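To start, the structure under review is shown below, and the notes come after it.
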Amino acid sequence: MMYPSLDEFMKDAGTVLAKGPIALVMVEDDVEVATTLRHHQQLGFAAVLAFMPKDFALPRDLDESIIRITYDVTLEGAVQQAVNRINDAAIGQWMFYCYNAEYLFHPFCETRSVGEMLAFHTEERRSAMLTYVVDLYAEDLNTYPDAVSLDHAFLDRSGYYALARKDPATGHPRERQLDFFGGLRWRYEEHVPAARRKIDRIAIFRAAPKLRLREDHTFNVEEYNTFACPWHHNITAAIASFRTAKALKRNPGSTFDIPTFKWHNSAPFEWHSRQLLDLGLMEPGQWF
């Protein structure tokens with residue numbers, strides 16, 4: 001189903017979004033759009049919404065099975081505006097947002113659907129889930145100059161760290177909140193604005209009245225920005241993402257400084273949750 005604008009979609013949003021969980025895919029370019037949409041369908045999302053330019057083509061099966069909304073996600077604040085408007089139309093539903101060429105992995109996703117995971121997370125009295133954006137990159141940039149290759153993808157197996165997130169009003173660390181760093185944005189930080197170097201994103205959340213996504217991928221309700229509840233660890237998830245690698249190779253200021261993204265701590269990406277769990281890039285919490 002295709003809508004010519006977000007305003008037109010909002011007329012039907014109450015009906016279309018009656019069942020969750022809901023995935024929102026923000027399409028910035030034409031790289032791996034179909035694989036991104038299919039991946040999230042296969043995870044078990046009840047509805048997959050693609051915000052994308054009208055001139056991008058999709059395979060027929062996806063045109064018939066997803067909700068396509070003509071939208072320019074590259075405009076300043078466009079992603080936050082779209083997420084917030086969908087939030088207001090789907091109060092109580094679990095939602096997830098990402099960009100094209102990004103792939104969600106949660107613990108044991110090969111055998112347990114995203115709906116099963118979120119049912120457990122709800123029982124844990126949680127309304128949001130921390131996700132780590134794990135940078136992927138092609139092994140050979142001569143063969144894959146846009147740094148994207150599903151068959152020859154690599155990731156960093158170390159180099160991740162966290163710092164206390166301070167409350168600007170008090171200067172003290174916020175309870176159960178951390179800023180996480182690593183991957184390409186850490187290794188090539190001279191090419192990345194300071195405000196965009198974090199790899200944490202509250203990408204999974206339960207829609208609520210007056211909830212607002214902010215530009216730094218956090219919410220205006222501080223409990224949503226915590227990595228765990230006060231009494232034990234909770235599930236976290238990972239987003240395997242080519243987005244940073246694409247940007248570094250497209251940017252004239254960085255592309256010629258990067259003949260390869262591989263280094264001594266690179267490892268082939270196995271496209272399996274077990275690898276991400278073993279590397280500590282997501283947490284199963286108390287989920288057995």
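Following the order of the structure tokens, chains are lettered A, B, ..., residues in each are numbered from 1, and ligands are numbered from 1.
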
Open item on the list: At a cut-off of 12 Å, using only C-alpha atoms, what residues contact Met117 (chain A)? Leave out same-chain residues fewer than 2 positions from it and give the result as a ChimeraX atom specification.
Closed with: /A:21,43-45,94,105-115,119-124,126,129,204,234-237,284-288

Limited to C-alpha atoms, could you put the picked residues into a file as an mmCIF file, in the first residue's frame?
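Done, and the output landed in result.cif:
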```cif
data_model
loop_
_atom_site.group_PDB
_atom_site.id
_atom_site.type_symbol
_atom_site.label_atom_id
_atom_site.label_comp_id
_atom_site.auth_asym_id
_atom_site.auth_seq_id
_atom_site.Cartn_x
_atom_site.Cartn_y
_atom_site.Cartn_z
ATOM 1 C CA PRO A 21 5.031 -4.353 16.758
ATOM 2 C CA LEU A 43 11.819 -10.793 12.342
ATOM 3 C CA GLY A 44 8.066 -10.763 12.852
ATOM 4 C CA PHE A 45 7.018 -7.110 12.756
ATOM 5 C CA TRP A 94 5.851 -1.293 20.396
ATOM 6 C CA PHE A 105 19.329 -8.369 15.747
ATOM 7 C CA HIS A 106 18.014 -9.307 19.165
ATOM 8 C CA PRO A 107 19.103 -12.213 21.391
ATOM 9 C CA PHE A 108 18.084 -15.559 19.868
ATOM 10 C CA CYS A 109 16.314 -13.843 16.952
ATOM 11 C CA GLU A 110 16.868 -16.939 14.824
ATOM 12 C CA THR A 111 14.329 -18.873 16.912
ATOM 13 C CA ARG A 112 12.303 -16.193 18.725
ATOM 14 C CA SER A 113 10.286 -13.458 17.048
ATOM 15 C CA VAL A 114 10.527 -9.794 17.900
ATOM 16 C CA GLY A 115 6.983 -10.039 19.238
ATOM 17 C CA ALA A 119 6.142 -9.567 25.251
ATOM 18 C CA PHE A 120 8.829 -10.606 27.725
ATOM 19 C CA HIS A 121 10.233 -7.066 27.886
ATOM 20 C CA THR A 122 6.739 -5.777 28.686
ATOM 21 C CA GLU A 123 6.457 -8.256 31.544
ATOM 22 C CA GLU A 124 9.717 -6.826 32.844
ATOM 23 C CA ARG A 126 10.094 -1.848 30.522
ATOM 24 C CA MET A 129 15.085 -0.971 24.801
ATOM 25 C CA ILE A 204 12.784 0.157 20.292
ATOM 26 C CA ASN A 234 17.423 -6.149 30.777
ATOM 27 C CA ILE A 235 17.558 -7.246 27.170
ATOM 28 C CA THR A 236 19.454 -5.031 24.743
ATOM 29 C CA ALA A 237 19.633 -5.403 20.970
ATOM 30 C CA PRO A 284 20.039 -11.253 26.954
ATOM 31 C CA GLY A 285 19.344 -10.002 30.493
ATOM 32 C CA GLN A 286 17.157 -12.453 32.406
ATOM 33 C CA TRP A 287 15.622 -13.876 29.236
ATOM 34 C CA PHE A 288 16.087 -17.651 28.964
#
```

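Put simply, CA of Pro53 (chain A) is 14.8 Å away from CA of Ile66 (chain A).
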
Which residues, written as a PDB file with N, CA and C atoms, in the first residue's frame, have at least one atom at most 9 Å from region 1-16 of chain A, with only C-alpha atoms counted and residues fewer than 5 positions away on the same chain left out?
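Here's the written file selection-v7.pdb:
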```
ATOM      1  N   ALA A  47       3.730  -4.770  11.109  1.00  0.00           N
ATOM      2  CA  ALA A  47       3.636  -3.759  10.054  1.00  0.00           C
ATOM      3  C   ALA A  47       5.021  -3.180   9.820  1.00  0.00           C
ATOM      4  N   PHE A  51       9.555   4.902   4.750  1.00  0.00           N
ATOM      5  CA  PHE A  51       9.505   6.332   4.428  1.00  0.00           C
ATOM      6  C   PHE A  51      10.567   6.574   3.357  1.00  0.00           C
ATOM      7  N   LYS A  54       9.500   8.878  -3.829  1.00  0.00           N
ATOM      8  CA  LYS A  54       8.524   8.203  -4.691  1.00  0.00           C
ATOM      9  C   LYS A  54       9.153   7.558  -5.916  1.00  0.00           C
ATOM     10  N   ASP A  63       6.076  -4.148  -2.496  1.00  0.00           N
ATOM     11  CA  ASP A  63       5.063  -3.120  -2.752  1.00  0.00           C
ATOM     12  C   ASP A  63       3.697  -3.546  -2.223  1.00  0.00           C
ATOM     13  N   GLU A  64       3.448  -4.852  -2.244  1.00  0.00           N
ATOM     14  CA  GLU A  64       2.151  -5.359  -1.807  1.00  0.00           C
ATOM     15  C   GLU A  64       2.092  -5.652  -0.313  1.00  0.00           C
ATOM     16  N   SER A  65       3.250  -5.830   0.331  1.00  0.00           N
ATOM     17  CA  SER A  65       3.237  -6.290   1.718  1.00  0.00           C
ATOM     18  C   SER A  65       3.668  -5.241   2.739  1.00  0.00           C
ATOM     19  N   ILE A  66       4.281  -4.149   2.289  1.00  0.00           N
ATOM     20  CA  ILE A  66       4.682  -3.099   3.224  1.00  0.00           C
ATOM     21  C   ILE A  66       3.795  -1.874   3.042  1.00  0.00           C
ATOM     22  N   ILE A  67       3.938  -0.932   3.931  1.00  0.00           N
ATOM     23  CA  ILE A  67       3.250   0.354   3.843  1.00  0.00           C
ATOM     24  C   ILE A  67       4.292   1.388   3.422  1.00  0.00           C
ATOM     25  N   ARG A  68       4.122   1.910   2.229  1.00  0.00           N
ATOM     26  CA  ARG A  68       5.101   2.834   1.677  1.00  0.00           C
ATOM     27  C   ARG A  68       4.562   4.261   1.758  1.00  0.00           C
ATOM     28  N   ILE A  69       5.365   5.151   2.323  1.00  0.00           N
ATOM     29  CA  ILE A  69       4.966   6.546   2.502  1.00  0.00           C
ATOM     30  C   ILE A  69       5.994   7.434   1.822  1.00  0.00           C
ATOM     31  N   THR A  70       5.562   8.237   0.876  1.00  0.00           N
ATOM     32  CA  THR A  70       6.470   9.158   0.200  1.00  0.00           C
ATOM     33  C   THR A  70       6.901  10.236   1.189  1.00  0.00           C
ATOM     34  N   TYR A  71       8.221  10.332   1.388  1.00  0.00           N
ATOM     35  CA  TYR A  71       8.722  11.192   2.456  1.00  0.00           C
ATOM     36  C   TYR A  71      10.210  11.419   2.239  1.00  0.00           C
ATOM     37  N   ALA A  82       8.670  12.265  11.831  1.00  0.00           N
ATOM     38  CA  ALA A  82       7.923  11.081  11.405  1.00  0.00           C
ATOM     39  C   ALA A  82       7.697  10.119  12.560  1.00  0.00           C
ATOM     40  N   ARG A  85       5.080  11.512  15.019  1.00  0.00           N
ATOM     41  CA  ARG A  85       3.700  11.474  14.534  1.00  0.00           C
ATOM     42  C   ARG A  85       3.150  10.051  14.547  1.00  0.00           C
ATOM     43  N   ILE A  86       3.975   9.082  14.190  1.00  0.00           N
ATOM     44  CA  ILE A  86       3.520   7.687  14.265  1.00  0.00           C
ATOM     45  C   ILE A  86       3.292   7.291  15.713  1.00  0.00           C
ATOM     46  N   ALA A  89      -0.088   8.201  16.850  1.00  0.00           N
ATOM     47  CA  ALA A  89      -1.180   7.440  16.233  1.00  0.00           C
ATOM     48  C   ALA A  89      -1.222   5.991  16.687  1.00  0.00           C
ATOM     49  N   ALA A  90      -0.230   5.558  17.469  1.00  0.00           N
ATOM     50  CA  ALA A  90      -0.138   4.140  17.843  1.00  0.00           C
ATOM     51  C   ALA A  90       0.169   3.979  19.326  1.00  0.00           C
TER      52      ALA A  90
END
```

- [ ] Select from region 24-255 of chain A everything DSSP, run on the backbone, classes as strand (DSSP E or B), then give the selection as a PyMOL selection string.
- [x] chain A and resi 24-26+47-52+67-70+94-99+102-105+128-138+153-156+161-166+173-181+200-206+213+219+237-241

- [ ] Find the residues near Ala208 (chain A): any atom within 10 Å, counting only C-alpha atoms, skip ones fewer than 2 places away on the same chain, and give them as an NGL selection string.
- [x] :A and (84 or 87-94 or 127 or 205-206 or 210-212 or 221)
